[in-house]
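Source file my_file-v3.txt; content: compact mmCIF, C-alpha atoms and all ligand atoms.
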# COMPACT_ATOMS: atom_id res chain seq x y z
CA MET I 1 -29.78 -26.07 143.85
CA ASP I 2 -28.81 -24.06 146.93
CA ILE I 3 -27.50 -25.91 149.91
CA GLU I 4 -28.59 -24.83 153.36
CA PHE I 5 -25.75 -24.94 155.88
CA ASN I 6 -26.43 -25.53 159.54
CA LEU I 7 -22.99 -26.07 161.03
CA ILE I 8 -21.89 -26.66 164.59
CA ASN I 9 -19.59 -24.19 166.33
CA PRO I 10 -15.90 -25.04 165.90
CA GLU I 11 -15.53 -25.71 169.65
CA GLN I 12 -18.32 -28.32 169.48
CA ARG I 13 -16.40 -30.40 166.96
CA LYS I 14 -15.66 -33.93 168.07
CA GLN I 15 -12.17 -35.00 168.97
CA LYS I 16 -10.49 -36.82 166.10
CA PRO I 17 -8.85 -40.19 166.76
CA ASP I 18 -5.07 -39.94 167.28
CA ASN I 19 -4.17 -42.89 165.14
CA ILE I 20 -6.79 -43.73 162.57
CA SER I 21 -5.02 -46.92 161.52
CA THR I 22 -5.97 -48.53 164.82
CA VAL I 23 -9.64 -47.54 164.72
CA GLN I 24 -12.01 -50.26 163.59
CA PHE I 25 -13.32 -49.61 160.06
CA GLY I 26 -16.52 -47.60 159.91
CA THR I 27 -17.00 -46.89 163.61
CA THR I 28 -16.14 -43.17 163.74
CA PHE I 29 -18.18 -40.49 162.00
CA THR I 30 -17.48 -36.84 161.27
CA ASP I 31 -19.29 -33.75 162.61
CA HIS I 32 -21.69 -33.18 159.70
CA MET I 33 -23.76 -35.01 157.13
CA LEU I 34 -25.60 -34.07 153.98
CA THR I 35 -29.32 -34.71 153.54
CA MET I 36 -31.71 -34.16 150.64
CA ARG I 37 -35.39 -35.04 150.31
CA TYR I 38 -37.49 -36.35 147.42
CA ARG I 39 -41.16 -35.54 147.29
CA ASN I 40 -43.75 -34.78 144.57
CA GLY I 41 -41.43 -36.08 141.89
CA SER I 42 -38.28 -34.10 142.59
CA TRP I 43 -35.27 -33.74 144.83
CA HIS I 44 -35.18 -30.64 147.00
CA SER I 45 -33.69 -28.93 150.08
CA PRO I 46 -30.13 -30.24 150.28
CA GLN I 47 -28.72 -29.43 153.70
CA ILE I 48 -25.45 -29.88 155.52
CA VAL I 49 -26.35 -30.42 159.15
CA PRO I 50 -24.70 -31.77 162.31
CA TYR I 51 -24.29 -35.56 162.24
CA GLN I 52 -27.36 -36.81 164.10
CA PRO I 53 -29.93 -39.62 164.31
CA LEU I 54 -32.56 -39.59 161.59
CA SER I 55 -36.17 -39.13 162.46
CA ILE I 56 -38.28 -41.35 160.24
CA ASP I 57 -41.73 -42.80 160.58
CA PRO I 58 -41.78 -46.38 161.94
CA ALA I 59 -43.89 -47.28 158.92
CA ALA I 60 -41.27 -45.91 156.48
CA LEU I 61 -41.13 -48.33 153.55
CA VAL I 62 -37.38 -48.95 153.87
CA LEU I 63 -37.86 -50.39 157.36
CA HIS I 64 -40.32 -53.02 156.15
CA TYR I 65 -39.56 -53.85 152.56
CA GLY I 66 -35.91 -52.85 152.28
CA GLN I 67 -36.17 -50.25 149.54
CA GLY I 68 -32.75 -48.77 150.18
CA ILE I 69 -29.47 -48.45 148.31
CA PHE I 70 -26.01 -47.10 149.00
CA GLU I 71 -22.57 -46.42 147.63
CA GLY I 72 -19.04 -46.52 149.02
CA LEU I 73 -16.13 -44.36 147.92
CA LYS I 74 -13.21 -42.60 149.54
CA ALA I 75 -11.60 -39.17 149.77
CA TYR I 76 -7.82 -38.93 150.17
CA ARG I 77 -5.72 -36.03 151.36
CA ARG I 78 -2.11 -35.00 150.88
CA GLY I 79 -1.38 -31.74 152.67
CA THR I 80 -4.22 -29.43 151.66
CA ASP I 81 -5.02 -31.37 148.46
CA VAL I 82 -8.14 -33.53 148.56
CA PHE I 83 -8.77 -36.21 145.95
CA LEU I 84 -11.62 -38.48 144.89
CA PHE I 85 -11.20 -41.64 142.83
CA ARG I 86 -13.67 -42.09 139.94
CA PRO I 87 -16.59 -40.60 141.95
CA ASP I 88 -18.72 -40.18 138.80
CA ASN I 89 -18.75 -43.98 138.48
CA ASN I 90 -20.14 -44.31 142.00
CA PHE I 91 -22.95 -41.85 141.33
CA GLU I 92 -23.78 -43.54 138.03
CA ARG I 93 -23.91 -46.87 139.84
CA LEU I 94 -26.14 -45.35 142.52
CA ASN I 95 -28.55 -44.48 139.72
CA ASN I 96 -28.33 -48.01 138.29
CA SER I 97 -29.18 -49.37 141.73
CA ALA I 98 -31.99 -46.82 142.00
CA ARG I 99 -33.53 -47.96 138.70
CA ARG I 100 -33.41 -51.61 139.75
CA MET I 101 -35.10 -50.77 143.06
CA VAL I 102 -37.65 -48.40 141.45
CA MET I 103 -36.19 -45.39 143.24
CA PRO I 104 -35.56 -41.90 141.84
CA GLU I 105 -32.25 -41.10 140.19
CA ILE I 106 -30.11 -38.11 141.14
CA ASP I 107 -28.24 -36.09 138.53
CA PRO I 108 -24.66 -37.35 139.05
CA LYS I 109 -23.35 -33.78 138.71
CA LEU I 110 -25.59 -32.71 141.59
CA SER I 111 -24.51 -35.67 143.79
CA LEU I 112 -20.86 -34.89 143.15
CA ASN I 113 -21.32 -31.19 143.93
CA LEU I 114 -23.13 -31.96 147.16
CA LEU I 115 -20.35 -34.34 148.15
CA LYS I 116 -17.69 -31.73 147.37
CA GLU I 117 -19.48 -29.17 149.56
CA LEU I 118 -19.66 -31.65 152.42
CA LEU I 119 -15.97 -32.48 152.02
CA LYS I 120 -15.09 -28.80 152.20
CA VAL I 121 -16.84 -28.57 155.56
CA GLU I 122 -15.21 -31.78 156.81
CA CYS I 123 -11.77 -31.55 155.19
CA GLU I 124 -9.99 -31.68 158.55
CA TRP I 125 -11.41 -35.15 159.02
CA ILE I 126 -9.64 -36.59 155.99
CA PRO I 127 -6.57 -38.42 157.28
CA ASP I 128 -3.44 -37.98 155.20
CA SER I 129 -1.17 -40.93 155.86
CA LEU I 130 -0.74 -43.77 153.38
CA GLY I 131 -3.44 -46.41 153.67
CA THR I 132 -5.91 -44.07 155.39
CA SER I 133 -8.80 -42.14 153.87
CA LEU I 134 -12.25 -40.77 154.51
CA TYR I 135 -14.84 -43.39 153.64
CA ILE I 136 -17.95 -41.86 152.06
CA ARG I 137 -21.33 -43.54 152.33
CA PRO I 138 -24.07 -42.03 150.12
CA THR I 139 -27.37 -43.70 151.03
CA MET I 140 -30.93 -43.50 149.72
CA ILE I 141 -33.93 -44.80 151.64
CA ALA I 142 -37.69 -44.98 151.09
CA THR I 143 -39.30 -42.83 153.77
CA GLU I 144 -42.99 -42.81 152.89
CA PRO I 145 -45.01 -44.29 155.77
CA LYS I 146 -47.07 -47.10 154.31
CA LEU I 147 -47.68 -50.75 155.06
CA GLY I 148 -48.13 -51.93 151.52
CA VAL I 149 -45.61 -53.38 149.12
CA ARG I 150 -45.12 -50.75 146.44
CA PRO I 151 -42.43 -48.18 145.60
CA SER I 152 -42.27 -45.25 147.97
CA GLU I 153 -43.18 -41.77 146.79
CA GLU I 154 -40.81 -40.10 149.26
CA TYR I 155 -37.10 -40.63 149.77
CA LEU I 156 -34.20 -39.38 151.83
CA PHE I 157 -30.72 -39.20 150.35
CA TYR I 158 -27.87 -38.66 152.76
CA ILE I 159 -24.10 -38.82 152.88
CA ILE I 160 -22.13 -39.70 155.98
CA LEU I 161 -18.35 -39.80 156.34
CA SER I 162 -16.03 -42.04 158.33
CA PRO I 163 -12.24 -41.70 158.62
CA VAL I 164 -10.73 -45.15 158.06
CA GLY I 165 -7.53 -47.14 158.00
CA PRO I 166 -7.27 -50.77 156.80
CA TYR I 167 -10.50 -52.70 156.26
CA PHE I 168 -9.26 -56.00 157.64
CA LYS I 169 -7.59 -56.45 160.97
CA GLU I 170 -4.84 -58.22 159.00
CA GLY I 171 -4.14 -54.86 157.27
CA PHE I 172 -2.77 -55.48 153.78
CA GLY I 173 -1.96 -59.14 154.21
CA PRO I 174 -3.44 -62.42 153.05
CA ILE I 175 -6.91 -63.18 154.38
CA SER I 176 -8.54 -66.55 154.80
CA ILE I 177 -11.87 -67.14 153.13
CA MET I 178 -14.49 -69.83 153.10
CA ILE I 179 -16.48 -70.94 150.08
CA ALA I 180 -20.22 -70.83 150.85
CA GLU I 181 -21.65 -74.23 150.05
CA GLN I 182 -25.09 -73.82 151.57
CA HIS I 183 -26.03 -70.21 150.79
CA VAL I 184 -25.97 -67.98 147.73
CA ARG I 185 -25.68 -64.21 147.48
CA ALA I 186 -27.72 -63.52 144.37
CA ALA I 187 -29.59 -65.37 141.65
CA GLU I 188 -30.11 -64.48 138.00
CA GLY I 189 -32.91 -61.97 137.64
CA GLY I 190 -32.52 -60.90 141.27
CA VAL I 191 -30.91 -57.81 142.74
CA GLY I 192 -27.28 -58.92 142.96
CA VAL I 193 -26.30 -56.24 140.48
CA ALA I 194 -27.62 -53.46 142.76
CA LYS I 195 -25.94 -52.14 145.89
CA THR I 196 -29.13 -52.65 147.82
CA MET I 197 -29.48 -53.29 151.52
CA GLY I 198 -31.13 -56.72 151.43
CA ASN I 199 -28.15 -58.29 149.67
CA TYR I 200 -26.05 -57.67 152.76
CA ALA I 201 -28.71 -58.89 155.18
CA ALA I 202 -28.92 -62.08 153.10
CA SER I 203 -25.17 -62.56 153.40
CA LEU I 204 -24.98 -62.38 157.19
CA MET I 205 -25.67 -66.02 157.98
CA ALA I 206 -22.88 -67.41 155.80
CA GLY I 207 -20.63 -64.56 156.92
CA THR I 208 -21.19 -65.32 160.59
CA LYS I 209 -20.61 -69.02 160.05
CA SER I 210 -17.34 -68.33 158.25
CA ARG I 211 -16.15 -65.94 160.98
CA ASP I 212 -16.99 -68.51 163.68
CA LEU I 213 -14.65 -70.87 161.87
CA GLY I 214 -11.90 -68.24 161.71
CA TYR I 215 -12.39 -66.98 158.14
CA SER I 216 -12.80 -63.31 157.34
CA GLN I 217 -15.01 -63.49 154.24
CA VAL I 218 -17.26 -65.77 152.24
CA LEU I 219 -16.60 -66.67 148.64
CA TRP I 220 -19.92 -66.97 146.85
CA LEU I 221 -20.65 -69.46 144.10
CA ASP I 222 -23.32 -68.96 141.44
CA ALA I 223 -26.88 -69.81 142.45
CA SER I 224 -27.78 -72.07 139.51
CA HIS I 225 -24.84 -74.49 139.33
CA ARG I 226 -23.14 -73.83 142.67
CA LYS I 227 -19.82 -74.06 140.94
CA TYR I 228 -18.72 -70.78 139.36
CA LEU I 229 -16.98 -68.12 141.46
CA GLU I 230 -19.00 -64.94 141.92
CA GLU I 231 -17.68 -62.57 144.58
CA VAL I 232 -15.84 -62.63 147.86
CA GLY I 233 -17.82 -60.90 150.60
CA THR I 234 -18.30 -57.39 149.28
CA MET I 235 -15.41 -57.61 146.86
CA ASN I 236 -14.93 -58.81 143.31
CA ILE I 237 -12.47 -61.63 142.79
CA PHE I 238 -9.49 -62.29 140.52
CA VAL I 239 -7.58 -65.53 140.01
CA VAL I 240 -4.14 -65.64 138.40
CA PHE I 241 -3.67 -68.90 136.47
CA ASP I 242 -0.09 -68.96 135.17
CA ASP I 243 -0.07 -65.93 132.84
CA GLU I 244 -3.83 -65.49 132.62
CA VAL I 245 -5.57 -63.06 134.99
CA ALA I 246 -9.20 -64.16 135.19
CA THR I 247 -12.29 -62.64 136.79
CA PRO I 248 -15.94 -63.74 136.68
CA ILE I 249 -18.17 -62.25 133.98
CA LEU I 250 -20.65 -59.61 135.16
CA GLY I 251 -23.74 -61.63 134.43
CA GLY I 252 -26.28 -59.65 136.44
CA THR I 253 -25.61 -61.41 139.74
CA ILE I 254 -22.30 -59.69 140.42
CA LEU I 255 -21.82 -56.12 141.56
CA PRO I 256 -19.83 -54.26 138.90
CA GLY I 257 -17.00 -53.02 141.11
CA ILE I 258 -15.15 -49.85 140.22
CA THR I 259 -12.00 -51.36 141.72
CA ARG I 260 -12.58 -54.43 139.53
CA ASP I 261 -12.72 -52.21 136.47
CA SER I 262 -9.61 -50.32 137.61
CA VAL I 263 -7.70 -53.57 138.17
CA MET I 264 -8.61 -54.77 134.68
CA LYS I 265 -7.58 -51.51 133.03
CA LEU I 266 -4.30 -51.30 134.96
CA ALA I 267 -3.34 -54.91 134.28
CA GLU I 268 -4.11 -54.45 130.58
CA HIS I 269 -2.07 -51.25 130.62
CA TRP I 270 0.82 -53.34 131.98
CA GLY I 271 0.46 -55.78 129.10
CA MET I 272 -1.25 -58.60 130.94
CA GLN I 273 -3.94 -60.82 129.53
CA ILE I 274 -7.26 -60.30 131.36
CA THR I 275 -10.12 -62.71 130.80
CA GLU I 276 -13.69 -62.31 131.93
CA ARG I 277 -15.10 -65.82 132.05
CA ASN I 278 -16.80 -68.43 134.17
CA ILE I 279 -14.32 -69.74 136.71
CA ASP I 280 -15.17 -73.19 137.99
CA VAL I 281 -14.32 -73.75 141.65
CA ALA I 282 -12.92 -77.20 140.71
CA GLU I 283 -10.49 -75.51 138.32
CA VAL I 284 -9.34 -73.25 141.13
CA ILE I 285 -8.87 -76.01 143.70
CA ASP I 286 -7.12 -78.15 141.12
CA GLY I 287 -4.93 -75.23 140.07
CA ILE I 288 -3.93 -74.56 143.67
CA LYS I 289 -2.85 -78.20 143.97
CA THR I 290 -0.88 -78.24 140.72
CA GLY I 291 0.60 -74.77 141.20
CA LYS I 292 -1.18 -73.28 138.17
CA VAL I 293 -3.02 -70.85 140.46
CA LYS I 294 -0.43 -68.24 141.37
CA GLU I 295 -2.57 -65.72 143.22
CA ILE I 296 -6.15 -65.06 144.22
CA PHE I 297 -7.28 -61.68 145.43
CA GLY I 298 -10.43 -59.73 146.18
CA CYS I 299 -10.83 -56.06 145.34
CA GLY I 300 -13.16 -53.29 146.41
CA THR I 301 -13.08 -49.70 147.61
CA ALA I 302 -12.91 -50.55 151.30
CA ALA I 303 -9.99 -53.01 151.22
CA VAL I 304 -8.56 -51.93 147.81
CA ILE I 305 -6.81 -55.29 147.21
CA ALA I 306 -7.21 -58.25 149.57
CA PRO I 307 -4.84 -61.12 148.78
CA ILE I 308 -6.29 -64.50 149.65
CA GLY I 309 -3.93 -66.81 151.51
CA HIS I 310 -6.26 -69.62 152.47
CA LEU I 311 -9.39 -71.05 150.94
CA HIS I 312 -11.74 -73.42 152.73
CA TYR I 313 -13.83 -75.73 150.58
CA GLN I 314 -15.56 -79.06 151.30
CA ASN I 315 -13.86 -79.44 154.68
CA GLU I 316 -10.41 -78.85 153.29
CA ARG I 317 -8.17 -75.85 153.73
CA HIS I 318 -6.09 -74.91 150.70
CA THR I 319 -3.12 -72.57 150.84
CA VAL I 320 -2.63 -70.15 147.97
CA ASN I 321 0.83 -68.88 147.06
CA SER I 322 2.26 -70.29 150.34
CA GLY I 323 -0.09 -67.95 152.23
CA SER I 324 1.81 -64.85 151.18
CA VAL I 325 1.06 -61.74 149.13
CA GLY I 326 1.60 -62.35 145.40
CA PRO I 327 3.45 -59.93 143.13
CA LEU I 328 0.38 -58.79 141.16
CA SER I 329 -1.62 -58.15 144.37
CA GLN I 330 1.26 -56.14 145.75
CA ARG I 331 1.78 -54.16 142.56
CA LEU I 332 -1.93 -53.37 142.24
CA TYR I 333 -2.21 -52.37 145.88
CA ASP I 334 0.83 -50.10 145.71
CA THR I 335 -0.21 -48.56 142.41
CA LEU I 336 -3.85 -47.99 143.34
CA THR I 337 -3.19 -46.59 146.81
CA ARG I 338 -0.56 -44.16 145.48
CA LEU I 339 -2.64 -43.17 142.47
CA GLN I 340 -5.75 -42.59 144.59
CA CYS I 341 -4.01 -40.02 146.76
CA GLY I 342 -2.52 -38.16 143.82
CA GLU I 343 1.02 -39.45 144.42
CA SER I 344 1.63 -41.13 141.10
CA ASP I 345 0.80 -41.06 137.40
CA ASP I 346 -2.85 -41.24 136.53
CA PRO I 347 -2.91 -42.59 132.96
CA PHE I 348 -6.69 -42.91 132.93
CA ASN I 349 -7.59 -39.56 134.56
CA TRP I 350 -9.36 -41.32 137.38
CA VAL I 351 -8.44 -38.91 140.14
CA ILE I 352 -10.35 -35.68 140.70
CA LYS I 353 -8.85 -32.94 142.82
CA VAL I 354 -11.59 -31.52 145.04
CA SER I 355 -9.65 -28.66 146.57
C1 LIG L 1 -19.36 -52.46 146.71
C2 LIG L 1 -19.21 -53.88 146.32
C3 LIG L 1 -18.11 -54.34 145.56
C4 LIG L 1 -16.93 -53.49 145.20
O1 LIG L 1 -17.22 -52.39 144.43
P1 LIG L 1 -16.17 -51.19 144.36
O2 LIG L 1 -16.82 -50.23 143.44
O3 LIG L 1 -14.90 -51.73 143.82
O4 LIG L 1 -16.02 -50.68 145.74
C5 LIG L 1 -18.13 -55.67 145.16
N1 LIG L 1 -19.12 -56.50 145.51
C6 LIG L 1 -20.16 -56.11 146.27
C7 LIG L 1 -21.21 -57.08 146.61
C8 LIG L 1 -20.23 -54.79 146.70
O5 LIG L 1 -21.24 -54.41 147.47
Using structure tokens, write down the structure that the file contains.
Amino acid sequence: MDIEFNLINPEQRKQKPDNISTVQFGTTFTDHMLTMRYRNGSWHSPQIVPYQPLSIDPAALVLHYGQGIFEGLKAYRRGTDVFLFRPDNNFERLNNSARRMVMPEIDPKLSLNLLKELLKVECEWIPDSLGTSLYIRPTMIATEPKLGVRPSEEYLFYIILSPVGPYFKEGFGPISIMIAEQHVRAAEGGVGVAKTMGNYAASLMAGTKSRDLGYSQVLWLDASHRKYLEEVGTMNIFVVFDDEVATPILGGTILPGITRDSVMKLAEHWGMQITERNIDVAEVIDGIKTGKVKEIFGCGTAAVIAPIGHLHYQNERHTVNSGSVGPLSQRLYDTLTRLQCGESDDPFNWVIKVS
């Protein structure tokens, strides 16, 4: 499929931030974006155009019934080399989300090619210092104007780019999280497994409450028993119990994180025992008290690894690993961040060189 390019003049390009590490995550966008339309049963007219507001009908289905999905991945640069980390997994997951939300799939080869073309145009925007990257947000929305609950027949796919530093204001350091006791993120049979917009809207109330109390994320428990760990904010979670590294089973309510999968494969590669199982919150609290819990960390593309220093549950604040970064969190963070920018061995061939 031919891409139409409509680029701005070089002198119209926006000024890039001097120090990306100090810019708040996801607040700066590059000069261009990619768009592609779906109509009459197929995708057509991919374009790279100046970054600009979208014009969509106020009756567009996404605005009323939330038929919208997205992805999140990053591009890294070292000198003139640009790298992507497991991008095929993101585009496969976009299609999984699309199927769940009755939206059209996109050939993952096409999505990746479109992204590569956009990155070529925007390569100057990719920061190249350690811990910085260009965050990529592929998005698909239902654009057909119709006030009736049914799948849209028209869609817009677009990709926007945002140069980023650390996700949390703490940088890479232990964060404090609060276990949600009143709200749940996803229930069995629901859409927790899809990266769909409504999941994040549904999380805002608990998220706001936790931030008001000084915590940076919510740890979700399962909807049926309110006792098994699910996810932390928009990250998957790992708990180190003595020499067991445990993470919740993907039971349909948890987003299958690519970082989660990478953590599991790396830890196994290092000879550690990884278990996917139900993790009871009581076992965690008890383990913190007895010292059996050595580390807890979240993981996701945005933050990479987020060590958890404090955990709030039932009006008590528990300190994990004396509130400091544990050795596995540190090793994973160092390994992943160096691997992602092409600086170290890549035993699993995860890194793709774009240019
Ligand atoms: C995106 C996301 C993750 C992390 O997935 P990665 O592929 O590792 O970035 C975890 N949980 C939720 C709810 C998410 O939206």
For Tyr38 (chain I), find every residue with an atom within 9 Å (counting all atoms listed in the file), except residues of its own chain fewer than 2 positions away, and show them as a ChimeraX atom specification. /I:36,40-45,104,153-157
Proximity to ligand LIG 1 (chain L) - best of I:Ile175, I:Val325, I:Ile352, I:Ile258, only C-alpha atoms and all ligand atoms: I:Ile258
Per residue of chain I within 6 Å of ligand LIG 1 (chain L), which atom pair is closest and at what distance in Å (one decimal), using only C-alpha atoms and all ligand atoms, listed by chain and increasing number, as a Markdown table?
| residue | atom | partner | partner_atom | distance |
| --- | --- | --- | --- | --- |
| I:Lys195 | CA | L:LIG1 | O5 | 5.5 |
| I:Thr234 | CA | L:LIG1 | C6 | 3.8 |
| I:Met235 | CA | L:LIG1 | C5 | 3.7 |
| I:Asn236 | CA | L:LIG1 | C5 | 4.8 |
| I:Leu255 | CA | L:LIG1 | N1 | 4.8 |
| I:Gly257 | CA | L:LIG1 | O1 | 3.4 |
| I:Ile258 | CA | L:LIG1 | O2 | 3.6 |
| I:Thr259 | CA | L:LIG1 | O3 | 3.6 |
| I:Arg260 | CA | L:LIG1 | O3 | 5.6 |
| I:Gly300 | CA | L:LIG1 | O3 | 3.5 |
| I:Thr301 | CA | L:LIG1 | O4 | 3.6 |
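Residue nearest Met140 (chain I) within the list I:Ala206, I:Leu110, I:Val62, I:Ala194: I:Val62 [criterion: smallest interatomic distance, only C-alpha atoms].
Shortest separation to Asp243 (chain I) among I:Met272, I:Val281, I:Leu229, I:Ala186 occurs at residue I:Met272, atoms counted being only C-alpha atoms.
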Rounded to one decimal, what separation in Å do you get between CA of Arg150 (chain I) and CA of Pro138 (chain I)?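 These atoms are spaced 23.1 Å apart.
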Go ahead and compute the interatomic distance for CA of Ile237 (chain I) and CA of Ile296 (chain I), in Å to one decimal. 7.3 Å
Under the rule that all atoms listed in the file are counted, which of I:Glu122, I:Gly173, I:Glu244, I:Leu134 is the nearest residue to Leu84 (chain I)? I:Leu134
Nearby residues (all atoms listed in the file) at most 10 Å from Gly190 (chain I), same-chain spacing under 4 positions excluded, as a list in words: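 Residues near the query, excluding close chain neighbours: Arg100, Arg185, Ala186, Ala194, Asn199, Gly252 and Thr253 of chain I.
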Write a file of the selected residues as a PDB file, keeping the file's coordinate frame, keeping C-alpha atoms.
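Below is the file part-v3.pdb, written as the result:
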ATOM      1  CA  ARG I 100     -33.410 -51.610 139.750  1.00  0.00           C
ATOM      2  CA  ARG I 185     -25.680 -64.210 147.480  1.00  0.00           C
ATOM      3  CA  ALA I 186     -27.720 -63.520 144.370  1.00  0.00           C
ATOM      4  CA  ALA I 194     -27.620 -53.460 142.760  1.00  0.00           C
ATOM      5  CA  ASN I 199     -28.150 -58.290 149.670  1.00  0.00           C
ATOM      6  CA  GLY I 252     -26.280 -59.650 136.440  1.00  0.00           C
ATOM      7  CA  THR I 253     -25.610 -61.410 139.740  1.00  0.00           C
TER       8      THR I 253
END
Could you state the separation of CA of Gln340 (chain I) and CA of Pro166 (chain I) in Å, given to one decimal place?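 These atoms are spaced 14.8 Å apart.
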For Val245 (chain I), please output as a tab-separated table (two decimals) with C-alpha atoms, keeping the file's coordinate frame all residues within 6 Å (counting only C-alpha atoms; exclusion window: fewer than 3 positions along the same chain).
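Listing of part-v4.tsv after writing:
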chain	number	residue	atom	x	y	z
I	239	VAL	CA	-7.58	-65.53	140.01
I	240	VAL	CA	-4.14	-65.64	138.40
I	274	ILE	CA	-7.26	-60.30	131.36
I:Ala303, I:Leu311, I:Met103, I:Ile3: which is nearest Glu170 (chain I), counting all atoms listed in the file?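 For Glu170 (chain I), the nearest of the candidates is I:Ala303.
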May I ask which of the residues I:Val284, I:Leu114, I:Leu34, I:Cys341 is the closest one to Phe241 (chain I), counting only C-alpha atoms?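 When distances to Phe241 (chain I) are compared using only C-alpha atoms, the smallest one comes from I:Val284.
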